[in-house]
file coords.tsv (TSV, C-alpha atoms and all ligand atoms)
chain	number	residue	atom	x	y	z
F	1	MET	CA	-15.56	100.96	8.94
F	2	HIS	CA	-15.96	98.68	11.98
F	3	ALA	CA	-13.02	96.25	12.25
F	4	VAL	CA	-12.76	93.31	14.63
F	5	GLY	CA	-9.43	91.75	15.58
F	6	ILE	CA	-8.52	88.08	15.86
F	7	VAL	CA	-5.31	87.03	17.60
F	8	ALA	CA	-4.12	83.49	16.88
F	9	ALA	CA	-2.60	82.40	20.19
F	10	ALA	CA	-3.49	78.71	20.43
F	11	GLY	CA	-0.14	77.28	19.34
F	12	SER	CA	2.18	75.41	21.69
F	13	GLY	CA	5.44	76.97	20.53
F	14	LEU	CA	7.39	73.76	19.96
F	15	ARG	CA	10.29	75.52	18.26
F	16	LEU	CA	10.61	78.07	21.08
F	17	GLY	CA	10.70	75.19	23.57
F	18	ALA	CA	9.49	77.19	26.59
F	19	ASP	CA	7.76	75.74	29.67
F	20	ARG	CA	4.36	77.16	28.57
F	21	PRO	CA	2.45	77.96	25.38
F	22	LYS	CA	4.38	80.55	23.32
F	23	ALA	CA	1.71	83.25	23.63
F	24	LEU	CA	2.12	83.18	27.44
F	25	VAL	CA	5.91	83.48	27.34
F	26	PRO	CA	6.95	86.87	28.76
F	27	LEU	CA	8.73	89.63	26.87
F	28	ALA	CA	9.83	92.33	29.33
F	29	ASP	CA	7.57	90.65	31.93
F	30	ARG	CA	4.42	90.73	29.75
F	31	PRO	CA	3.09	87.69	27.87
F	32	LEU	CA	3.51	87.90	24.08
F	33	VAL	CA	-0.28	87.74	23.62
F	34	CYS	CA	-0.71	90.99	25.62
F	35	TRP	CA	1.68	92.82	23.31
F	36	ALA	CA	-0.20	91.54	20.23
F	37	VAL	CA	-3.61	92.57	21.62
F	38	ASP	CA	-2.19	96.02	22.46
F	39	THR	CA	-0.97	96.51	18.87
F	40	LEU	CA	-4.48	95.95	17.52
F	41	ARG	CA	-6.14	98.11	20.17
F	42	ASP	CA	-3.63	100.95	19.91
F	43	GLY	CA	-4.16	100.78	16.15
F	44	GLY	CA	-7.89	101.39	16.61
F	45	VAL	CA	-9.26	97.84	16.62
F	46	ALA	CA	-11.04	97.74	19.98
F	47	ASP	CA	-13.02	94.49	19.72
F	48	VAL	CA	-10.57	91.59	19.89
F	49	VAL	CA	-11.12	87.81	19.97
F	50	VAL	CA	-8.17	85.62	21.02
F	51	ALA	CA	-7.93	81.91	20.13
F	52	VAL	CA	-6.18	80.05	22.97
F	53	PRO	CA	-5.27	76.44	23.84
F	54	GLY	CA	-8.29	74.68	25.37
F	55	ASP	CA	-6.48	73.78	28.59
F	56	GLU	CA	-5.16	77.32	29.16
F	57	LEU	CA	-8.33	79.42	29.20
F	58	THR	CA	-7.82	80.51	32.81
F	59	ALA	CA	-4.19	81.48	32.31
F	60	PHE	CA	-5.09	83.69	29.34
F	61	ALA	CA	-8.12	85.20	31.11
F	62	THR	CA	-5.82	86.16	34.00
F	63	VAL	CA	-3.40	88.17	31.84
F	64	LEU	CA	-5.75	89.74	29.27
F	65	PRO	CA	-8.20	92.64	29.72
F	66	LEU	CA	-11.73	91.58	30.72
F	67	ASP	CA	-13.31	92.82	27.49
F	68	VAL	CA	-11.13	90.62	25.29
F	69	ARG	CA	-13.13	87.58	24.19
F	70	LEU	CA	-11.45	84.16	24.40
F	71	VAL	CA	-12.29	81.14	22.26
F	72	VAL	CA	-10.78	77.68	22.27
F	73	GLY	CA	-8.50	77.28	19.25
F	74	GLY	CA	-7.83	74.14	17.23
F	75	ALA	CA	-5.00	71.78	16.33
F	76	THR	CA	-3.79	74.04	13.50
F	77	ARG	CA	-3.62	77.81	13.02
F	78	THR	CA	-6.30	77.47	10.33
F	79	ALA	CA	-8.62	75.72	12.82
F	80	SER	CA	-7.90	78.35	15.49
F	81	VAL	CA	-8.76	81.27	13.20
F	82	ARG	CA	-11.87	79.42	12.05
F	83	ALA	CA	-13.03	79.13	15.68
F	84	ALA	CA	-12.39	82.84	16.33
F	85	LEU	CA	-14.21	83.78	13.14
F	86	ASP	CA	-17.33	81.98	14.41
F	87	ALA	CA	-17.22	84.23	17.50
F	88	VAL	CA	-16.77	87.32	15.30
F	89	SER	CA	-19.91	86.38	13.39
F	90	ASP	CA	-22.01	86.29	16.61
F	91	PRO	CA	-25.38	87.80	15.52
F	92	ALA	CA	-25.82	89.32	19.01
F	93	ARG	CA	-22.96	91.75	18.28
F	94	PRO	CA	-22.69	94.70	15.89
F	95	ALA	CA	-21.68	93.33	12.49
F	96	ALA	CA	-18.08	94.06	11.57
F	97	ASP	CA	-17.17	95.19	8.05
F	98	ALA	CA	-13.56	94.09	8.40
F	99	VAL	CA	-11.47	91.53	10.26
F	100	LEU	CA	-7.77	91.84	11.10
F	101	VAL	CA	-6.03	88.55	11.91
F	102	HIS	CA	-2.79	88.84	13.89
F	103	ASP	CA	-0.26	86.36	15.32
F	104	ALA	CA	0.34	86.47	19.08
F	105	ALA	CA	3.91	85.58	18.13
F	106	ARG	CA	4.56	89.07	16.61
F	107	PRO	CA	4.70	91.12	19.84
F	108	LEU	CA	6.54	94.21	18.61
F	109	THR	CA	4.41	94.98	15.55
F	110	PRO	CA	4.14	98.79	15.32
F	111	THR	CA	0.64	100.31	15.12
F	112	ASP	CA	1.65	101.88	11.77
F	113	VAL	CA	1.26	98.45	10.20
F	114	VAL	CA	-2.32	98.23	11.53
F	115	ALA	CA	-2.97	101.71	10.11
F	116	ARG	CA	-1.67	100.73	6.66
F	117	VAL	CA	-3.82	97.59	6.61
F	118	LEU	CA	-6.94	99.50	7.72
F	119	ALA	CA	-6.31	102.21	5.11
F	120	ALA	CA	-6.09	99.66	2.30
F	121	LEU	CA	-9.35	98.04	3.47
F	122	ALA	CA	-11.04	101.46	3.67
F	123	GLY	CA	-9.83	102.05	0.11
F	124	GLY	CA	-11.81	99.02	-1.02
F	125	ALA	CA	-9.27	96.16	-0.96
F	126	PRO	CA	-11.01	92.88	0.05
F	127	ALA	CA	-7.75	91.43	1.40
F	128	VAL	CA	-4.44	93.03	2.41
F	129	VAL	CA	-1.19	91.69	3.82
F	130	PRO	CA	1.93	93.48	5.10
F	131	VAL	CA	5.07	92.29	3.30
F	132	LEU	CA	8.82	92.84	3.28
F	133	PRO	CA	11.36	92.22	0.53
F	134	VAL	CA	13.62	89.15	0.56
F	135	VAL	CA	17.18	90.36	1.00
F	136	ASP	CA	19.10	87.08	0.80
F	137	THR	CA	19.66	85.09	-2.36
F	138	THR	CA	16.95	82.43	-2.17
F	139	VAL	CA	17.27	78.97	-3.68
F	140	THR	CA	15.46	75.66	-3.93
F	141	VAL	CA	17.15	72.34	-3.07
F	142	ASP	CA	16.41	68.67	-3.72
F	143	ASP	CA	16.00	65.91	-1.10
F	144	ASP	CA	19.79	65.64	-0.76
F	145	GLY	CA	20.16	69.36	-0.09
F	146	ARG	CA	21.69	70.02	-3.52
F	147	LEU	CA	20.86	73.41	-4.97
F	148	THR	CA	18.36	73.08	-7.83
F	149	ALA	CA	17.48	76.69	-8.69
F	150	ALA	CA	17.85	80.32	-7.63
F	151	LEU	CA	14.54	82.16	-7.30
F	152	PRO	CA	14.06	85.65	-8.75
F	153	ARG	CA	14.32	87.60	-5.50
F	154	GLU	CA	12.68	90.76	-6.87
F	155	THR	CA	9.32	89.01	-7.04
F	156	LEU	CA	9.52	87.40	-3.57
F	157	ARG	CA	8.09	88.87	-0.37
F	158	ARG	CA	7.98	87.79	3.28
F	159	VAL	CA	4.41	87.93	4.60
F	160	GLN	CA	3.56	89.26	8.08
F	161	THR	CA	0.48	89.98	10.15
F	162	PRO	CA	-1.93	91.64	10.90
F	163	GLN	CA	-3.66	90.68	7.67
F	164	GLY	CA	-6.91	92.48	6.89
F	165	PHE	CA	-10.05	91.28	5.13
F	166	ALA	CA	-13.54	92.34	4.24
F	167	ARG	CA	-15.42	90.21	6.78
F	168	ALA	CA	-17.78	88.66	4.22
F	169	ALA	CA	-14.86	87.63	1.98
F	170	LEU	CA	-12.98	85.99	4.87
F	171	VAL	CA	-16.06	84.18	6.24
F	172	ASP	CA	-16.98	82.94	2.76
F	173	ALA	CA	-13.40	81.73	2.09
F	174	TYR	CA	-13.27	79.80	5.38
F	175	GLU	CA	-16.66	78.24	4.60
F	176	ARG	CA	-15.36	77.02	1.25
F	177	LEU	CA	-12.10	75.65	2.68
F	178	PRO	CA	-12.39	71.91	3.46
F	179	ALA	CA	-12.16	71.35	7.24
F	180	GLU	CA	-9.01	69.22	7.02
F	181	VAL	CA	-6.99	71.71	4.96
F	182	GLU	CA	-4.22	73.57	6.80
F	183	LEU	CA	-2.74	76.78	5.39
F	184	THR	CA	-0.08	78.89	7.08
F	185	ASP	CA	-1.90	82.22	6.84
F	186	ASP	CA	-5.29	83.75	6.06
F	187	ALA	CA	-4.27	85.35	2.77
F	188	ALA	CA	-3.77	81.79	1.49
F	189	VAL	CA	-7.35	80.97	2.57
F	190	VAL	CA	-8.94	83.86	0.65
F	191	ARG	CA	-6.64	83.33	-2.32
F	192	ALA	CA	-7.88	79.73	-2.51
F	193	ALA	CA	-11.38	81.25	-2.88
F	194	GLY	CA	-10.20	83.52	-5.70
F	195	VAL	CA	-10.06	86.78	-3.72
F	196	PRO	CA	-7.30	89.19	-4.89
F	197	VAL	CA	-4.81	90.05	-2.14
F	198	THR	CA	-3.18	93.49	-1.96
F	199	THR	CA	0.12	94.20	-0.19
F	200	VAL	CA	1.26	97.11	2.00
F	201	PRO	CA	4.73	97.62	3.51
F	202	GLY	CA	5.36	95.52	6.61
F	203	ASP	CA	7.96	96.28	9.28
F	204	GLU	CA	11.03	94.35	10.47
F	205	ARG	CA	9.80	94.90	14.04
F	206	ALA	CA	6.74	92.77	13.21
F	207	ALA	CA	9.08	89.74	13.03
F	208	LYS	CA	7.67	86.48	14.36
F	209	VAL	CA	9.10	84.96	17.54
F	210	THR	CA	9.73	81.37	16.45
F	211	VAL	CA	13.02	80.19	17.99
F	212	PRO	CA	14.78	81.31	21.24
F	213	TYR	CA	17.06	83.71	19.35
F	214	ASP	CA	14.00	85.69	18.17
F	215	LEU	CA	12.96	86.22	21.78
F	216	ASP	CA	16.48	87.35	22.72
F	217	LEU	CA	16.33	89.90	19.88
F	218	ALA	CA	12.92	91.14	20.99
F	219	GLU	CA	14.20	91.55	24.58
F	220	LEU	CA	17.10	93.64	23.26
F	221	GLN	CA	14.68	95.85	21.31
F	222	VAL	CA	12.46	96.59	24.28
F	223	SER	CA	15.38	97.16	26.63
F	224	GLY	CA	16.35	100.04	24.37
U	301	LIG	N1	-1.46	79.15	16.31
U	301	LIG	C1	-2.77	78.94	16.72
U	301	LIG	N2	-3.28	77.65	16.76
U	301	LIG	C2	-2.50	76.61	16.42
U	301	LIG	C3	-1.17	76.81	15.98
U	301	LIG	C4	-0.66	78.11	15.94
U	301	LIG	O1	-3.48	79.90	17.05
U	301	LIG	N3	-3.01	75.39	16.50
U	301	LIG	C5	-0.89	80.53	16.36
U	301	LIG	C6	0.30	80.62	17.30
U	301	LIG	O2	-0.16	80.75	18.65
U	301	LIG	C7	1.06	81.80	16.75
U	301	LIG	C8	0.67	81.85	15.29
U	301	LIG	O3	-0.43	80.92	15.10
U	301	LIG	O4	0.73	83.03	17.38
U	301	LIG	C9	1.83	81.50	14.37
U	301	LIG	O5	2.21	80.14	14.57
U	301	LIG	P1	3.65	79.62	15.02
U	301	LIG	O6	4.62	80.74	15.06
U	301	LIG	O7	3.94	78.41	14.20
U	301	LIG	O8	3.38	79.24	16.56
U	301	LIG	P2	3.31	77.78	17.19
U	301	LIG	O9	2.53	76.88	16.28
U	301	LIG	O10	2.83	77.96	18.58
U	301	LIG	O11	4.85	77.38	17.22
U	301	LIG	P3	5.53	76.00	16.69
U	301	LIG	O12	5.12	75.86	15.25
U	301	LIG	O13	6.99	76.24	16.88
U	301	LIG	O14	4.99	74.91	17.57
U	302	MG	MG	3.25	76.41	14.30
call {"tool": "encode", "arguments": {"input": "coords.tsv", "output": "structure tokens"}}
result
Amino acid sequence: MHAVGIVAAAGSGLRLGADRPKALVPLADRPLVCWAVDTLRDGGVADVVVAVPGDELTAFATVLPLDVRLVVGGATRTASVRAALDAVSDPARPAADAVLVHDAARPLTPTDVVARVLAALAGGAPAVVPVLPVVDTTVTVDDDGRLTAALPRETLRRVQTPQGFARAALVDAYERLPAEVELTDDAAVVRAAGVPVTTVPGDERAAKVTVPYDLDLAELQVSG
């Protein structure tokens, strides 16, 4: 199976509030995007396309290996992955059977997660996502913040990346998705096209860096 990797790195990182796009923010002196690319490569996905902000191409090219392809992302994560997927489908390149889509914002994802996703794809799953259980009681609220219901926690999962797909299924699902629709992950895109999505165990270390506290935690992890 030949798998290609996509790293979504075109976000601005508003909630992190740094002085540069989140994917360029350093963790132990290396930009988050470099950690994310390493996870895919160390996990056996050598060919990687990174979607980056249009005005930051040079900055990303400076920090990433020469053989990583860069594409200009879009205004939403959905648009950014769509742009990278076009590059993956380049007829001049060997056709990939599978695509793994990863967030630049998950720098400490262990390669075991990549291995589990690849194994599920090799076993015939058209779509696979790493998930973790929900450990807190989880509720819904109304507009005034009043609790309206408690959700059955046993059936809930937190979804991580990298998410893996049969390339044809992912390309077809993105083609069917109206251009203006924004979904928060790629499993949602294939699900909208009726593709069944399998789960494998995720890893707490694959947590997303969203707010400054997440970056502090990641720094603590790498400092030992
Ligand atoms: N992403 C992207 N293109 C966008 C928006 C997001 O490629 N237009 C990527 C981000 O770079 C990130 C991943 O999608 O690696 C997950 O998104 P998120 O954590 O929301 O990152 P940002 O959108 O950058 O952060 P924020 O929502 O706080 O602005
Ligand atoms: Mg965002």
call {"tool": "closest_residue", "arguments": {"input": "coords.tsv", "among": "F:Gly13, F:Gly44, F:Pro31, F:Gly5", "to": "Pro212 of chain F", "atoms": "all atoms listed in the file"}}
result
F:Gly13
call {"tool": "closest_atom_pairs", "arguments": {"input": "coords.tsv", "of": "segment 3-56 of chain F", "to": "segment 82-90 of chain F", "cutoff": "10 Å", "atoms": "only C-alpha atoms", "output": "JSON lines"}}
result
{"residue": "F:Val4", "atom": "CA", "partner": "F:Val88", "partner_atom": "CA", "distance": 7.2}
{"residue": "F:Gly5", "atom": "CA", "partner": "F:Val88", "partner_atom": "CA", "distance": 8.6}
{"residue": "F:Ile6", "atom": "CA", "partner": "F:Ala84", "partner_atom": "CA", "distance": 6.5}
{"residue": "F:Val7", "atom": "CA", "partner": "F:Ala84", "partner_atom": "CA", "distance": 8.3}
{"residue": "F:Ala8", "atom": "CA", "partner": "F:Ala84", "partner_atom": "CA", "distance": 8.3}
{"residue": "F:Asp47", "atom": "CA", "partner": "F:Val88", "partner_atom": "CA", "distance": 9.2}
{"residue": "F:Val48", "atom": "CA", "partner": "F:Val88", "partner_atom": "CA", "distance": 8.8}
{"residue": "F:Val49", "atom": "CA", "partner": "F:Ala84", "partner_atom": "CA", "distance": 6.3}
{"residue": "F:Val50", "atom": "CA", "partner": "F:Ala84", "partner_atom": "CA", "distance": 6.9}
{"residue": "F:Ala51", "atom": "CA", "partner": "F:Ala84", "partner_atom": "CA", "distance": 5.9}
{"residue": "F:Val52", "atom": "CA", "partner": "F:Ala84", "partner_atom": "CA", "distance": 9.5}
call {"tool": "axis_aligned_box", "arguments": {"input": "coords.tsv", "around": "segment 6-22 of chain F", "padding_each_side": "8 Å", "output": "lines of an AutoDock Vina configuration file"}}
result
center_x = 1.1
center_y = 80.9
center_z = 22.8
size_x = 35.2
size_y = 30.3
size_z = 29.8
call {"tool": "atom_distance", "arguments": {"input": "coords.tsv", "atom1": "atom O3 of ligand LIG 301 (chain U)", "atom2": "atom CA of Val63 of chain F"}}
result
18.5 Å
call {"tool": "atom_distance", "arguments": {"input": "coords.tsv", "atom1": "atom CA of Ala98 of chain F", "atom2": "atom CA of Ala119 of chain F"}}
result
11.4 Å
call {"tool": "atom_distance", "arguments": {"input": "coords.tsv", "atom1": "atom CA of Thr62 of chain F", "atom2": "atom CA of Leu220 of chain F"}}
result
26.4 Å
call {"tool": "residues_around", "arguments": {"input": "coords.tsv", "residues": "Pro178 of chain F", "least_positions_apart": "4", "cutoff": "12 Å", "atoms": "all atoms listed in the file", "output": "list in words"}}
result
Thr78, Ala79, Arg82, Asp172, Ala173, Tyr174, Glu182, Leu183, Val189, Ala192 and Ala193 of chain F
call {"tool": "residues_around", "arguments": {"input": "coords.tsv", "residues": "segment 130-141 of chain F", "least_positions_apart": "5", "cutoff": "10 Å", "atoms": "all atoms listed in the file", "output": "PyMOL selection string"}}
result
chain F and resi 113-114+116-117+146-164+198-204+206
call {"tool": "residues_near_ligand", "arguments": {"input": "coords.tsv", "ligand": "ligand LIG 301 (chain U)", "cutoff": "8 Å", "atoms": "all atoms listed in the file", "output": "PyMOL selection string"}}
result
chain F and resi 7-17+21-23+33+51-53+73-81+102-106+184+208-211
call {"tool": "closest_residue", "arguments": {"input": "coords.tsv", "among": "F:Glu219, F:Asp185, F:Ala120, F:Arg20", "to": "ligand MG 302 (chain U)", "atoms": "all atoms listed in the file"}}
result
F:Asp185
call {"tool": "decode", "arguments": {"input": "coords.tsv", "residues": "segment 194-217 of chain F", "atoms": "N, CA and C atoms", "output": "PDB file, in the first residue's frame"}}
result
ATOM      1  N   GLY F 194     -21.397   8.987   2.695  1.00  0.00           N
ATOM      2  CA  GLY F 194     -21.903   7.647   2.982  1.00  0.00           C
ATOM      3  C   GLY F 194     -20.843   6.583   3.209  1.00  0.00           C
ATOM      4  N   VAL F 195     -19.583   7.004   3.378  1.00  0.00           N
ATOM      5  CA  VAL F 195     -18.500   6.032   3.601  1.00  0.00           C
ATOM      6  C   VAL F 195     -18.459   5.653   5.088  1.00  0.00           C
ATOM      7  N   PRO F 196     -18.431   4.345   5.414  1.00  0.00           N
ATOM      8  CA  PRO F 196     -18.334   3.954   6.826  1.00  0.00           C
ATOM      9  C   PRO F 196     -16.950   4.283   7.395  1.00  0.00           C
ATOM     10  N   VAL F 197     -16.914   4.783   8.618  1.00  0.00           N
ATOM     11  CA  VAL F 197     -15.659   5.186   9.248  1.00  0.00           C
ATOM     12  C   VAL F 197     -15.365   4.262  10.434  1.00  0.00           C
ATOM     13  N   THR F 198     -14.189   3.639  10.397  1.00  0.00           N
ATOM     14  CA  THR F 198     -13.745   2.744  11.475  1.00  0.00           C
ATOM     15  C   THR F 198     -12.938   3.545  12.493  1.00  0.00           C
ATOM     16  N   THR F 199     -12.861   3.061  13.735  1.00  0.00           N
ATOM     17  CA  THR F 199     -12.017   3.734  14.727  1.00  0.00           C
ATOM     18  C   THR F 199     -10.894   2.807  15.196  1.00  0.00           C
ATOM     19  N   VAL F 200      -9.763   3.425  15.566  1.00  0.00           N
ATOM     20  CA  VAL F 200      -8.668   2.718  16.237  1.00  0.00           C
ATOM     21  C   VAL F 200      -8.319   3.555  17.473  1.00  0.00           C
ATOM     22  N   PRO F 201      -7.628   2.964  18.457  1.00  0.00           N
ATOM     23  CA  PRO F 201      -7.274   3.757  19.638  1.00  0.00           C
ATOM     24  C   PRO F 201      -6.352   4.928  19.282  1.00  0.00           C
ATOM     25  N   GLY F 202      -6.676   6.105  19.794  1.00  0.00           N
ATOM     26  CA  GLY F 202      -5.800   7.268  19.661  1.00  0.00           C
ATOM     27  C   GLY F 202      -4.796   7.272  20.796  1.00  0.00           C
ATOM     28  N   ASP F 203      -4.277   8.453  21.124  1.00  0.00           N
ATOM     29  CA  ASP F 203      -3.253   8.553  22.173  1.00  0.00           C
ATOM     30  C   ASP F 203      -3.355   9.955  22.775  1.00  0.00           C
ATOM     31  N   GLU F 204      -3.315  10.042  24.104  1.00  0.00           N
ATOM     32  CA  GLU F 204      -3.415  11.364  24.749  1.00  0.00           C
ATOM     33  C   GLU F 204      -2.309  12.302  24.256  1.00  0.00           C
ATOM     34  N   ARG F 205      -1.165  11.726  23.870  1.00  0.00           N
ATOM     35  CA  ARG F 205      -0.054  12.574  23.410  1.00  0.00           C
ATOM     36  C   ARG F 205      -0.331  13.205  22.047  1.00  0.00           C
ATOM     37  N   ALA F 206      -1.364  12.715  21.363  1.00  0.00           N
ATOM     38  CA  ALA F 206      -1.752  13.306  20.066  1.00  0.00           C
ATOM     39  C   ALA F 206      -2.671  14.513  20.270  1.00  0.00           C
ATOM     40  N   ALA F 207      -2.759  15.013  21.495  1.00  0.00           N
ATOM     41  CA  ALA F 207      -3.626  16.151  21.810  1.00  0.00           C
ATOM     42  C   ALA F 207      -3.309  17.345  20.908  1.00  0.00           C
ATOM     43  N   LYS F 208      -4.350  18.114  20.602  1.00  0.00           N
ATOM     44  CA  LYS F 208      -4.174  19.287  19.736  1.00  0.00           C
ATOM     45  C   LYS F 208      -3.740  20.491  20.551  1.00  0.00           C
ATOM     46  N   VAL F 209      -2.751  21.217  20.057  1.00  0.00           N
ATOM     47  CA  VAL F 209      -2.360  22.498  20.648  1.00  0.00           C
ATOM     48  C   VAL F 209      -3.352  23.543  20.143  1.00  0.00           C
ATOM     49  N   THR F 210      -4.197  24.022  21.052  1.00  0.00           N
ATOM     50  CA  THR F 210      -5.221  25.005  20.674  1.00  0.00           C
ATOM     51  C   THR F 210      -5.016  26.320  21.425  1.00  0.00           C
ATOM     52  N   VAL F 211      -4.861  26.231  22.740  1.00  0.00           N
ATOM     53  CA  VAL F 211      -4.696  27.427  23.581  1.00  0.00           C
ATOM     54  C   VAL F 211      -3.297  27.387  24.215  1.00  0.00           C
ATOM     55  N   PRO F 212      -2.815  28.524  24.769  1.00  0.00           N
ATOM     56  CA  PRO F 212      -1.439  28.571  25.299  1.00  0.00           C
ATOM     57  C   PRO F 212      -1.124  27.459  26.306  1.00  0.00           C
ATOM     58  N   TYR F 213      -2.092  27.081  27.110  1.00  0.00           N
ATOM     59  CA  TYR F 213      -1.856  26.022  28.104  1.00  0.00           C
ATOM     60  C   TYR F 213      -1.431  24.709  27.435  1.00  0.00           C
ATOM     61  N   ASP F 214      -2.011  24.410  26.267  1.00  0.00           N
ATOM     62  CA  ASP F 214      -1.662  23.172  25.550  1.00  0.00           C
ATOM     63  C   ASP F 214      -0.188  23.175  25.149  1.00  0.00           C
ATOM     64  N   LEU F 215       0.309  24.347  24.783  1.00  0.00           N
ATOM     65  CA  LEU F 215       1.715  24.452  24.388  1.00  0.00           C
ATOM     66  C   LEU F 215       2.623  24.297  25.616  1.00  0.00           C
ATOM     67  N   ASP F 216       2.198  24.868  26.743  1.00  0.00           N
ATOM     68  CA  ASP F 216       2.953  24.695  27.991  1.00  0.00           C
ATOM     69  C   ASP F 216       3.061  23.204  28.328  1.00  0.00           C
ATOM     70  N   LEU F 217       1.935  22.489  28.208  1.00  0.00           N
ATOM     71  CA  LEU F 217       1.922  21.053  28.504  1.00  0.00           C
ATOM     72  C   LEU F 217       2.863  20.291  27.578  1.00  0.00           C
TER      73      LEU F 217
END
